[in-house]
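Engineer: See entry.txt below, with compact mmCIF, C-alpha atoms.
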```txt
# COMPACT_ATOMS: atom_id res chain seq x y z
CA MET A 820 156.71 100.04 221.89
CA ALA A 821 159.12 100.79 219.05
CA PRO A 822 159.64 104.46 218.15
CA PRO A 823 157.97 105.72 214.97
CA SER A 824 160.05 105.43 211.83
CA LEU A 825 159.63 107.11 208.47
CA HIS A 826 159.98 103.81 206.64
CA ASP A 827 157.77 101.61 208.84
CA SER A 828 154.68 100.49 206.96
CA PRO A 829 151.42 101.59 208.62
CA ASP A 830 149.00 98.93 209.73
CA HIS A 831 146.42 98.19 207.05
CA PRO A 832 142.90 99.25 208.05
CA GLY A 833 140.41 96.42 208.16
CA SER A 834 142.61 93.87 209.90
CA ALA A 835 140.13 93.43 212.74
CA SER A 836 136.43 93.95 213.37
CA PRO A 837 135.46 95.03 216.89
CA SER A 838 131.80 94.51 217.58
CA ASP A 839 130.88 98.18 217.92
CA VAL A 840 131.84 99.10 214.35
CA SER A 841 130.99 97.00 211.32
CA GLY A 842 133.25 96.61 208.30
CA GLY A 843 132.84 98.55 205.07
CA THR A 844 132.88 101.90 206.84
CA LEU A 845 134.61 105.27 206.74
CA GLY A 846 135.96 106.37 210.09
CA ILE A 847 136.30 110.06 210.92
CA TRP A 848 138.81 110.64 213.68
CA PHE A 849 138.29 114.13 215.09
CA VAL A 850 141.04 115.97 216.92
CA GLY A 851 138.93 118.02 219.31
CA ALA A 852 136.15 115.43 219.27
CA ARG A 853 134.20 116.91 222.19
CA GLY A 854 134.22 120.48 220.94
CA SER A 855 131.17 122.29 219.59
CA LEU A 856 132.05 121.69 215.94
CA ALA A 857 132.79 117.97 216.25
CA THR A 858 129.78 117.39 218.50
CA THR A 859 127.49 119.17 216.03
CA ALA A 860 128.99 117.18 213.16
CA THR A 861 128.51 113.91 215.06
CA ILE A 862 124.89 114.70 215.87
CA GLY A 863 124.30 115.75 212.27
CA LEU A 864 125.95 112.63 210.88
CA HIS A 865 123.70 110.32 212.89
CA ALA A 866 120.66 112.39 211.96
CA LEU A 867 121.59 112.13 208.26
CA ALA A 868 122.16 108.38 208.58
CA ALA A 869 118.74 107.92 210.18
CA ARG A 870 117.11 110.33 207.70
CA LEU A 871 115.99 112.59 210.54
CA THR A 872 117.26 115.66 208.67
CA ASP A 873 118.00 116.69 205.10
CA GLU A 874 121.34 117.51 203.47
CA THR A 875 121.12 121.30 203.66
CA GLY A 876 124.67 122.67 203.94
CA CYS A 877 126.31 119.45 202.69
CA VAL A 878 128.40 120.32 199.65
CA THR A 879 128.78 116.67 198.61
CA ALA A 880 125.01 116.50 198.10
CA HIS A 881 125.18 119.17 195.39
CA PRO A 882 124.06 117.79 192.00
CA ASP A 883 127.11 119.27 190.23
CA LEU A 884 129.41 117.00 192.22
CA ASP A 885 129.83 113.33 191.33
CA ALA A 886 128.72 111.16 194.27
CA ARG A 887 130.18 107.89 192.97
CA GLY A 888 132.53 106.34 195.50
CA LEU A 889 131.51 108.59 198.40
CA ALA A 890 130.74 106.85 201.69
CA ALA A 891 127.05 106.75 202.57
CA TRP A 892 126.10 108.65 205.73
CA SER A 893 125.06 105.37 207.33
CA ASP A 894 128.53 103.92 206.65
CA ILE A 895 130.42 106.60 208.59
CA VAL A 896 131.49 106.30 212.23
CA VAL A 897 133.25 108.78 214.50
CA GLY A 898 136.07 108.52 217.01
CA GLY A 899 138.64 110.99 218.18
CA HIS A 900 140.97 112.64 220.65
CA ASP A 901 140.27 115.47 223.06
CA VAL A 902 141.83 116.93 226.19
CA ASP A 903 138.34 117.84 227.43
CA THR A 904 136.62 115.10 229.41
CA THR A 905 133.06 116.46 229.29
CA PRO A 906 130.93 113.69 227.73
CA LEU A 907 129.39 114.25 224.31
CA ALA A 908 125.91 114.02 225.82
CA LYS A 909 126.67 117.00 228.07
CA GLN A 910 128.18 118.94 225.18
CA ALA A 911 125.04 118.19 223.19
CA GLU A 912 122.88 119.58 226.02
CA ARG A 913 124.89 122.80 225.90
CA LEU A 914 124.37 123.05 222.13
CA VAL A 915 120.62 122.55 222.59
CA ALA A 916 120.53 125.30 225.23
CA GLY A 917 122.38 127.60 222.83
CA GLY A 918 119.92 127.00 220.01
CA VAL A 919 122.48 125.24 217.82
CA VAL A 920 120.74 121.86 217.50
CA PRO A 921 117.15 120.75 218.25
CA GLY A 922 116.68 118.95 221.56
CA VAL A 923 114.42 116.32 220.00
CA LEU A 924 117.16 115.43 217.53
CA VAL A 925 119.73 114.94 220.28
CA HIS A 926 117.30 112.63 222.06
CA GLN A 927 116.76 110.61 218.88
CA VAL A 928 120.51 110.03 218.34
CA GLY A 929 121.37 109.62 222.02
CA ALA A 930 122.44 105.97 221.69
CA ASP A 931 124.73 106.88 218.78
CA LEU A 932 126.38 109.61 220.85
CA GLU A 933 127.01 107.07 223.62
CA ALA A 934 128.62 104.69 221.11
CA THR A 935 130.82 107.51 219.82
CA GLU A 936 131.79 108.50 223.35
CA ALA A 937 133.18 104.99 223.88
CA ARG A 938 135.54 105.51 220.94
CA LEU A 939 137.06 108.78 222.22
CA ARG A 940 140.56 108.88 223.69
CA SER A 941 142.53 111.44 225.70
CA GLY A 942 144.60 113.95 223.75
CA VAL A 943 147.78 115.88 224.48
CA ARG A 944 148.56 119.37 225.69
CA THR A 945 151.74 121.38 225.37
CA GLY A 946 154.14 120.31 228.09
CA ASP A 947 152.04 117.38 229.30
CA SER A 948 154.83 114.90 228.61
CA PRO A 949 158.60 115.30 228.25
CA ASP A 950 158.64 112.53 225.62
CA GLN A 951 156.99 113.78 222.45
CA ARG A 952 157.89 110.64 220.52
CA ALA A 953 155.94 108.58 223.07
CA ASP A 954 153.00 110.98 222.74
CA VAL A 955 153.03 110.59 218.97
CA GLU A 956 153.13 106.81 219.14
CA ARG A 957 150.32 106.68 221.72
CA LEU A 958 148.13 108.88 219.54
CA ALA A 959 149.02 106.85 216.45
CA ALA A 960 148.14 103.63 218.28
CA ASP A 961 144.69 105.04 219.07
CA VAL A 962 144.12 105.84 215.39
CA ARG A 963 145.38 102.38 214.33
CA GLU A 964 143.00 100.70 216.78
CA PHE A 965 140.10 102.66 215.31
CA ALA A 966 141.31 102.02 211.74
CA ALA A 967 141.35 98.28 212.35
CA ALA A 968 137.54 98.36 212.46
CA VAL A 969 136.89 100.31 209.26
CA ASP A 970 137.91 100.36 205.63
CA ARG A 971 139.44 103.83 205.71
CA VAL A 972 140.14 106.59 208.25
CA VAL A 973 140.42 110.35 207.76
CA VAL A 974 141.82 112.45 210.62
CA ILE A 975 140.33 115.96 210.83
CA ASP A 976 141.69 118.58 213.22
CA VAL A 977 138.87 120.75 214.58
CA SER A 978 140.60 121.60 217.86
CA SER A 979 141.18 125.07 219.29
CA THR A 980 143.35 127.44 217.27
CA GLU A 981 147.01 127.51 218.32
CA PRO A 982 149.37 130.48 218.13
CA PRO A 983 151.81 130.47 215.19
CA HIS A 984 154.56 127.95 215.84
CA ASP A 985 157.87 127.33 214.10
CA ALA A 986 159.44 123.95 214.78
CA GLY A 987 162.64 125.27 213.19
CA GLU A 988 165.61 123.16 212.28
CA ASP A 989 164.44 120.44 214.66
CA ALA A 990 161.75 119.54 212.11
CA ALA A 991 163.41 120.58 208.86
CA THR A 992 163.56 116.90 207.89
CA TRP A 993 162.25 113.68 209.38
CA ALA A 994 165.80 112.73 210.38
CA ALA A 995 166.17 116.07 212.19
CA LEU A 996 162.89 115.50 214.03
CA GLU A 997 163.97 112.05 215.19
CA ALA A 998 167.29 113.51 216.32
CA ALA A 999 165.45 116.18 218.31
CA TRP A 1000 163.35 113.50 219.99
CA ASP A 1001 166.48 111.48 220.75
CA ALA A 1002 167.93 114.59 222.42
CA GLY A 1003 164.83 114.97 224.59
CA ARG A 1004 163.39 117.97 222.74
CA ALA A 1005 159.73 118.39 221.76
CA PRO A 1006 159.67 120.69 218.71
CA LEU A 1007 156.14 119.97 217.48
CA SER A 1008 153.05 121.91 218.56
CA PRO A 1009 150.06 119.80 219.65
CA SER A 1010 148.38 120.11 216.23
CA SER A 1011 151.57 118.94 214.52
CA THR A 1012 151.85 116.10 217.04
CA TYR A 1013 148.38 114.93 216.01
CA ALA A 1014 149.25 115.33 212.32
CA CYS A 1015 152.38 113.26 212.79
CA ALA A 1016 150.40 110.53 214.57
CA ALA A 1017 147.81 110.45 211.78
CA LEU A 1018 150.45 109.98 209.11
CA LEU A 1019 152.29 107.29 211.08
CA ALA A 1020 148.96 105.47 211.45
CA GLY A 1021 148.51 105.60 207.68
CA ALA A 1022 145.63 108.10 207.72
CA PRO A 1023 145.22 111.25 205.59
CA TYR A 1024 145.04 114.48 207.57
CA VAL A 1025 142.76 117.50 207.15
CA ALA A 1026 143.52 120.78 208.96
CA PHE A 1027 140.23 122.63 209.53
CA THR A 1028 141.96 125.14 211.83
CA PRO A 1029 144.77 127.64 211.10
CA SER A 1030 147.05 125.83 213.59
CA PRO A 1031 150.45 124.63 212.25
CA GLY A 1032 149.32 121.01 211.85
CA ILE A 1033 150.99 119.42 208.84
CA ASP A 1034 152.67 122.67 207.79
CA VAL A 1035 156.06 121.37 208.96
CA PRO A 1036 158.72 120.18 206.49
CA ALA A 1037 159.35 116.90 208.32
CA LEU A 1038 155.64 116.04 208.24
CA ARG A 1039 155.27 116.91 204.55
CA GLU A 1040 158.22 114.57 203.96
CA LEU A 1041 156.51 111.85 205.98
CA ALA A 1042 153.25 112.27 204.03
CA ASP A 1043 155.13 112.04 200.73
CA GLU A 1044 156.99 108.93 201.88
CA ARG A 1045 153.76 107.27 202.96
CA GLY A 1046 151.90 108.35 199.81
CA LEU A 1047 149.16 110.05 201.83
CA PRO A 1048 147.00 113.01 200.83
CA TYR A 1049 146.34 115.97 203.11
CA ALA A 1050 144.27 119.14 202.99
CA GLY A 1051 143.67 122.45 204.76
CA SER A 1052 143.80 124.89 206.23
CA ASP A 1053 141.31 126.92 208.27
CA GLY A 1054 137.73 126.21 207.24
CA LYS A 1055 135.98 128.96 205.26
CA THR A 1056 132.55 129.16 206.85
CA GLY A 1057 131.34 132.74 207.30
CA GLU A 1058 132.69 136.20 206.65
CA THR A 1059 135.65 134.97 204.61
CA LEU A 1060 133.27 132.91 202.47
CA VAL A 1061 131.41 136.12 201.64
CA LYS A 1062 134.68 137.93 200.90
CA SER A 1063 135.84 135.22 198.51
CA ALA A 1064 132.60 135.69 196.56
CA LEU A 1065 132.48 139.50 196.68
CA ALA A 1066 136.15 140.45 196.19
CA PRO A 1067 136.29 139.03 192.62
CA MET A 1068 133.35 141.30 191.78
CA PHE A 1069 135.44 144.37 192.57
CA ALA A 1070 138.45 142.96 190.73
CA THR A 1071 136.61 142.03 187.52
CA ARG A 1072 134.65 145.29 187.47
CA ALA A 1073 137.95 147.22 187.79
CA LEU A 1074 136.73 148.96 190.93
CA ALA A 1075 139.58 150.07 193.19
CA VAL A 1076 139.16 148.84 196.76
CA ARG A 1077 140.78 151.40 199.05
CA SER A 1078 140.03 149.80 202.41
CA TRP A 1079 138.23 146.78 203.83
CA THR A 1080 137.47 146.84 207.54
CA SER A 1081 136.27 143.69 209.31
CA ILE A 1082 134.85 143.45 212.81
CA ASN A 1083 134.17 139.93 214.11
CA LEU A 1084 132.33 139.22 217.36
CA LEU A 1085 132.13 135.63 218.57
CA GLY A 1086 131.57 133.64 221.72
CA GLY A 1087 132.00 129.98 222.62
CA GLY A 1088 135.25 128.10 223.03
CA ASP A 1089 136.65 129.42 219.76
CA GLY A 1090 135.99 133.00 220.80
CA SER A 1091 137.60 132.41 224.17
CA THR A 1092 140.68 130.91 222.51
CA LEU A 1093 140.95 133.79 220.06
CA SER A 1094 140.84 136.34 222.86
CA ASP A 1095 144.53 135.44 223.23
CA PRO A 1096 146.43 137.78 220.85
CA ALA A 1097 148.89 135.04 219.85
CA ALA A 1098 146.15 132.60 218.82
CA ARG A 1099 144.20 135.42 217.18
CA SER A 1100 147.12 136.25 214.90
CA SER A 1101 146.85 132.78 213.29
CA LYS A 1102 143.23 133.45 212.35
CA THR A 1103 143.62 137.04 211.14
CA GLY A 1104 146.52 136.01 208.92
CA THR A 1105 144.45 133.49 206.97
CA LYS A 1106 141.44 135.82 206.82
CA ARG A 1107 143.55 138.62 205.33
CA SER A 1108 145.66 136.65 202.84
CA GLY A 1109 142.80 135.55 200.57
CA LEU A 1110 141.40 139.04 200.14
CA GLU A 1111 144.73 140.54 199.14
CA SER A 1112 145.45 137.63 196.79
CA ILE A 1113 142.16 138.18 194.96
CA LEU A 1114 142.53 141.95 194.67
CA GLY A 1115 146.22 141.78 193.83
CA HIS A 1116 147.38 144.42 196.29
CA GLU A 1117 147.64 145.21 199.98
CA VAL A 1118 144.28 146.28 201.39
CA PRO A 1119 144.33 148.69 204.35
CA GLY A 1120 141.77 148.44 207.10
CA PRO A 1121 141.70 147.00 210.60
CA MET A 1122 140.57 143.45 211.24
CA HIS A 1123 139.23 142.72 214.71
CA ILE A 1124 138.22 139.46 216.34
CA ASP A 1125 136.62 140.13 219.72
CA TYR A 1126 135.26 137.67 222.27
CA VAL A 1127 131.71 138.25 223.47
CA GLU A 1128 130.87 135.46 225.90
CA ASP A 1129 127.12 136.03 225.66
CA LEU A 1130 127.12 135.09 221.94
CA GLY A 1131 127.86 131.44 222.69
CA ASP A 1132 128.27 129.49 219.44
CA TRP A 1133 127.02 132.39 217.33
CA LYS A 1134 129.07 135.06 215.59
CA THR A 1135 128.47 138.44 213.98
CA ALA A 1136 130.73 140.05 211.39
CA TRP A 1137 130.41 143.57 210.06
CA ASP A 1138 132.40 144.60 207.00
CA HIS A 1139 132.90 148.13 205.66
CA VAL A 1140 134.36 148.44 202.14
CA ARG A 1141 135.49 151.73 200.57
CA PHE A 1142 136.11 151.68 196.83
CA ASP A 1143 136.64 154.05 193.91
CA GLY A 1144 134.60 154.04 190.73
CA PHE A 1145 134.92 155.97 187.46
CA LEU A 1146 136.43 159.48 187.80
CA GLY A 1147 137.55 158.62 191.33
CA THR A 1148 134.05 158.68 192.80
CA ARG A 1149 134.35 157.21 196.30
CA MET A 1150 131.66 154.69 197.29
CA THR A 1151 130.91 152.36 200.20
CA MET A 1152 129.50 148.89 200.66
CA GLN A 1153 128.64 147.38 204.04
CA PHE A 1154 127.37 143.96 205.01
CA THR A 1155 126.58 142.10 208.20
CA TRP A 1156 126.92 138.34 208.57
CA GLU A 1157 125.30 136.56 211.49
CA GLY A 1158 125.58 132.82 211.80
CA CYS A 1159 126.19 129.79 213.96
CA ASP A 1160 129.77 128.70 213.48
CA SER A 1161 129.22 125.08 214.45
CA ALA A 1162 126.19 124.63 212.18
CA LEU A 1163 128.04 126.23 209.25
CA ALA A 1164 131.18 124.16 209.70
CA ALA A 1165 129.76 120.76 210.71
CA PRO A 1166 128.54 119.65 207.26
CA LEU A 1167 131.81 120.81 205.72
CA VAL A 1168 133.96 118.51 207.85
CA LEU A 1169 131.67 115.62 206.92
CA ASP A 1170 132.09 116.60 203.25
CA LEU A 1171 135.86 116.76 203.64
CA ALA A 1172 135.96 113.30 205.19
CA ARG A 1173 133.96 111.79 202.31
CA LEU A 1174 135.97 113.57 199.63
CA THR A 1175 139.36 112.83 201.20
CA ALA A 1176 138.51 109.16 201.68
CA ARG A 1177 137.54 108.90 198.02
CA ALA A 1178 140.75 110.70 197.06
CA VAL A 1179 142.70 107.94 198.80
CA ALA A 1180 140.74 105.31 196.88
CA ALA A 1181 141.48 107.19 193.65
CA GLY A 1182 145.22 107.13 194.35
CA GLU A 1183 145.61 110.81 195.25
CA ARG A 1184 148.61 111.79 197.35
CA GLY A 1185 150.15 115.00 198.62
CA PRO A 1186 148.24 118.29 199.03
CA LEU A 1187 144.65 118.22 197.79
CA GLY A 1188 144.57 121.69 196.26
CA ALA A 1189 141.16 121.08 194.68
CA LEU A 1190 139.65 121.17 198.18
CA GLY A 1191 140.61 124.85 198.44
CA PHE A 1192 136.90 125.69 198.12
CA PHE A 1193 136.58 124.75 201.80
CA PHE A 1194 139.52 126.76 203.19
CA LYS A 1195 140.73 130.28 203.91
CA SER A 1196 144.36 129.30 203.30
CA PRO A 1197 144.31 126.38 200.83
CA ILE A 1198 147.24 123.99 200.97
CA GLY A 1199 148.43 123.23 197.46
CA SER A 1200 146.57 126.07 195.77
CA ALA A 1201 146.99 129.83 195.42
CA GLU A 1202 143.40 130.27 194.20
CA HIS A 1203 141.01 132.15 196.50
CA ARG A 1204 138.16 133.17 194.16
CA LEU A 1205 135.13 131.17 195.26
CA ALA A 1206 133.64 130.58 191.80
CA THR A 1207 136.95 129.35 190.39
CA GLN A 1208 137.48 127.14 193.44
CA TRP A 1209 134.04 125.65 192.84
CA ASP A 1210 134.86 124.88 189.21
CA ASP A 1211 138.10 123.21 190.32
CA LEU A 1212 136.26 121.15 192.93
CA VAL A 1213 133.62 119.99 190.45
CA ALA A 1214 136.21 118.94 187.86
CA TRP A 1215 138.30 117.12 190.46
CA SER A 1216 135.22 115.40 191.89
CA HIS A 1217 134.32 113.93 188.51
CA ALA A 1218 137.94 112.86 187.87
CA CYS A 1219 138.13 111.04 191.22
CA ALA A 1220 134.74 109.41 190.69
CA GLU A 1221 135.85 108.11 187.29
CA ARG A 1222 139.01 106.57 188.76
CA VAL A 1223 137.26 104.79 191.62
CA SER A 1224 134.49 103.54 189.32
CA SER A 1225 136.69 102.26 186.49
```
Can you give me the file's structure in the form of structure tokens?

Structural biologist:
Amino acid sequence: MAPPSLHDSPDHPGSASPSDVSGGTLGIWFVGARGSLATTATIGLHALAARLTDETGCVTAHPDLDARGLAAWSDIVVGGHDVDTTPLAKQAERLVAGGVVPGVLVHQVGADLEATEARLRSGVRTGDSPDQRADVERLAADVREFAAAVDRVVVIDVSSTEPPHDAGEDAATWAALEAAWDAGRAPLSPSSTYACAALLAGAPYVAFTPSPGIDVPALRELADERGLPYAGSDGKTGETLVKSALAPMFATRALAVRSWTSINLLGGGDGSTLSDPAARSSKTGTKRSGLESILGHEVPGPMHIDYVEDLGDWKTAWDHVRFDGFLGTRMTMQFTWEGCDSALAAPLVLDLARLTARAVAAGERGPLGALGFFFKSPIGSAEHRLATQWDDLVAWSHACAERVSS
């Protein structure tokens, strides 16, 4: 198989029609397809398509957004990569046991989960192969095969958080990356390997985790060359969502925030991954940056993410805010957030797939800053205030809908 090249044209989706997926569809290719988030999203998608559930939590169902040109739930299919080999049906059983999804619903969409399972492919781990170029091309070939059965594919990374990673000069440009591969080096992290494969397969890429992903100069160059849009990073689902709504209140009321302490307790696979200090630093960085951007100054206060195995897919966050009012009067606000991470995030990744696919149809390319509403660390936008992000999303949604409908 020929090595990937910056100037090779990607295969055009829709060139073939395997029997398990009909034409006229949007394909979501999940990186981390057997994880809790992707499994919940897949169950939810099939339930939405069969009208077994309502659209609670789905941003694209909001009446302020323009739905023209968005894929119908029944026209979306799922495939993906994962290093885990536990079947989706078993993952679904675990989610039922943890109170994340209803058992009756899993039973009703069981055949759909089996069909999705048949479209999943093995992923890559760090150090699995000495030939990163071959890994990239294998992953890209999997995405191309899936894309051949649908009108459009969006790749969404929902895999475990990686530690910060700097590919350095080996990925400063696409030419430098190819030279590194020629020399037998493997400069890309797994998330960046998946991002590279997505772009080479002609698919837009969405980073729902804080992992490096597409945040590598060579990959941004590749996306620009291919005219592909991308979005991220790190989905805003819980405590940070609350912060992005509350922090502007302090700023606009001219109340001086003196400290903001955050304690996060979570279980599940994500909690286990974040028990590693290196991986945890990726998450705390994105959680902290938005708050300080909104308030306009450094905000003291510890931020903890602690793994509590017994919590499973649930998380609890406790925040303690100290602020000054008129005449220096010191006051305190506290809040507790308890939620199910997978149930909060699952509709968002479905939203992102629909919106990104329509962005492609509307001719969008490069970073999709208007999708910052969904992320802790928005690519292509410095805006973190939730209300302003919403206004930007609504305006962009109408603009895209007009272009695809004209």

Engineer: Any idea what the distance is between CA of Arg1039 (chain A) and CA of Pro983 (chain A)?

Structural biologist: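 Interatomic distance here is 17.6 Å.
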
Engineer: Name all residues at most 10 Å from Arg1004 (chain A) (count only C-alpha atoms; drop same-chain ones fewer than 3 positions away) and give them as an MDAnalysis selection string.

Structural biologist: chainID A and resid 949:952 989 996:1001 1007

Engineer: Could you pull out every residue with an atom within 10 Å of (134.8, 148.0, 205.2), file coordinates, counting all atoms listed in the file, and send them as a list in words?

Structural biologist: Val1076, Arg1077, Ser1078, Trp1079, Thr1080, Ser1081, Ile1082, Pro1119, Gly1120, Pro1121, Met1122, Trp1137, Asp1138, His1139, Val1140, Arg1141, Phe1142, Thr1151, Met1152, Gln1153 and Phe1154 of chain A

Engineer: Which of these residues is nearest to Ser1196 (chain A), using all atoms listed in the file: A:Ala934, A:Ala916, A:Cys1159, A:Ala1026?

Structural biologist: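 Selected residue with least distance to Ser1196 (chain A): A:Ala1026.
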
Engineer: One decimal, Å: what's the distance from CA of Val977 (chain A) over to CA of Phe1027 (chain A), could you say?

Structural biologist: 5.6 Å

Engineer: Would you list the contacts of region 1209-1220 of chain A as a list in words, taking every protein, DNA or RNA residue within 10 Å and counting all atoms listed in the file, but skipping same-chain residues closer than 5 positions in sequence?

Structural biologist: Thr879, His881, Pro882, Asp883, Leu884, Asp885, Ala886, Arg887, Gly888, Leu889, Leu1174, Arg1177, Ala1178, Val1179, Ala1180, Ala1181, Gly1182, Glu1183, Leu1187, Gly1188, Ala1189, Leu1190, Gly1191, Phe1192, Phe1193, Glu1202, Arg1204 and Ser1225 of chain A

Engineer: Nearest residue to Ser1052 (chain A) out of A:Leu1171, A:Leu1085, A:Val925, A:Ala994, using only C-alpha atoms?

Structural biologist: A:Leu1171
